[in-house]
Amino acid sequence: MTAIWTEPWFPWAVGLAIGLPVLLVVLTEILGALTRRGNPAAKPVRLLRNLVVPVAALFVLLTLASDQSFDLNWVRVVGTVLGFLLILLVLSAFNVAMFSNASEGSWQKRLPSIFVDLARLVLILVGLALLFSWVWGADVGGLVTALGVTSIVIGLALQNAVGSVISGLLLLFEQPFKLGDFLNTPSGRGRVVEVNWRAVHIDTGNGIQIVPNSSLAGASFTNLSQPEGAYVASATVKFSTDDAPHQVSAMLLQVASSLPMLDKHEKPAVSYTGSAGYVVNLPVTSPAREDEALTTFLSWLWYAARRNDLALDGDSTDPVNTPENVRSALAMVGPAFSLGPDYLDTIAPGCRLEQWGAGEIVQSIGQVPDSLRIVITGSLVLTTPFENGQLQFAEVEPGESVGLTALTRQPTTYFAVASGPIVVLKVPRDAVDAAVRTNPALARRIGEQLDNRHTIAEEAVATARQSSGIIAIDDARTALG
């Protein structure tokens with residue numbers, strides 16, 4: 001008998017028995033390390049470990065270890081499967097090398113993924129054709145001819161659908177817009193949420209509108225998100241011809257500048273068009289906020305026009321600010337300030353009732369108030385700057401006031417924002433000074449209220465810093481302004 005180790009298949013069998021487990025263990029460790037780091041190379045390594053290596057081992061065993069001829073059909077099947085897996089492995093590794101690690105702004109990142117998928121499909125088909133020609137001796141030329149004729153017939157039958165696909169490919173290649181951009185098309189206006197081979201999906205706010213690529217490619221549309229930067233929303237308003245244009249323009253700019261949805265790098269602009277007409281340009285952060293910005297602006301403008309005695313749309317009537325209502329409000333708050341009826345009658349002509357809309361800033365930070373504002377109806381929210389936003393620390397109820405530093409001539413250290421539609425009584429600074437001279441106890445009361453608000457604000461800032469893990473490196477009073 002011939003010794004087993006002298007058989008021609010013995011070295012291959014020993015090599016597979018020892019080498020295959022070792023190779024699988026090594027690939028498993030490499031795959032684990034790549035997966036933990038989130039490396040895209042984990043995908044081709046997983047394909048290599050799970051499929052390519054086992055099938056290659058089987059192919060070696062069948063063709064070399066068993067000393068069999070490659071002409072056997074079942075060996076050809078294994079060879080075909082191995083060849084297909086090698087094609088997938090090469091394409092997967094090429095995709096990782098070329099696209100997965102590409103830097104932002106490179107041509108690899110800008111190239112639509114659909115073209116990568118199409119190129120991968122073509123290469124797979126070409127590779128399979130060559131594989132079948134080599135392993136099975138198939139007539140690739142006849143197959144290509146048959147596929148070409150079939151493609152022509154299918155293309156004629158589906159020319160409309162194919163047209164949409166081609167249009168979609170052209171749109172993806174040209175990239176006139178991207179996901180998240182706002183488009184204004186003949187059929188609708190909204191944000192692009194999906195782009196596929198057949199159509200573009202646009203969120204109009206009232207549902208998803210499906211626009212075929214062929215329709216979009218053949219029509220003119222506006223990309224509202226390009227160029228980058230603020231999107232300008234425009235509002236057209238009219239006042240009375242009796243209102244001075246410089247006064248109206250100043251008020252329009254003041255209201256527009258206080259909108260929270262404005263782009264911080266741009267400023268609103270006002271144009272006088274004649275005949276008491278004005279155009280206000282609002283640079284907002286996104287087209288999605290256009291409606292919100294216009295609604296808020298026009299709402300706040302209604303209140304501001306009445307506070308400034310300007311006739312928005314030709315109407316300057318303010319039913320709230322009447323002498324009777326002013327005296328009634330003074331009679332309500334007078335006892336709290338220890339002011340007698342005679343004094344209230346004296347200052348009444350210089351006082352007025354103001355209406356403010358929800359969200360309006362009644363008192364800004366860093367300014368010396370020109371008057372004391374006492375809340376009659378509604379409430380004010382007091383906030384102070386904190387980190388990149390605002391920190392609420394107190395609420396001003398009816399009968400309480402803001403603008404207390406009008407007496408001390410010091411800048412304010414917090415914002416006062418209307419929590420809803422409110423009415424405040426505006427008392428001029430001169431009247432406050434006269435009241436303090438006749439009643440020194442009022443000055444002490446105002447001073448105590450100022451100190452109390454400073455203390456509450458400091459405690460709120462300290463608590464917020466502790467809860468967010470921030471170490472206070474400066475005095476809270478300094479942080480307040």
# chains A, B, ... in the order shown; residues from 1 in each chain; ligands from 1
call {"tool": "select_by_dssp", "arguments": {"residues": "range 332-372 of chain A", "states": "strand (DSSP E or B)", "output": "PyMOL selection string"}}
result
chain A and resi 352-356+361-363+371-372
call {"tool": "residues_around", "arguments": {"residues": "range 410-424 of chain A", "least_positions_apart": "4", "cutoff": "7 Å", "atoms": "only C-alpha atoms", "output": "MDAnalysis selection string"}}
result
chainID A and resid 353:368 373:384 405:406 480:481
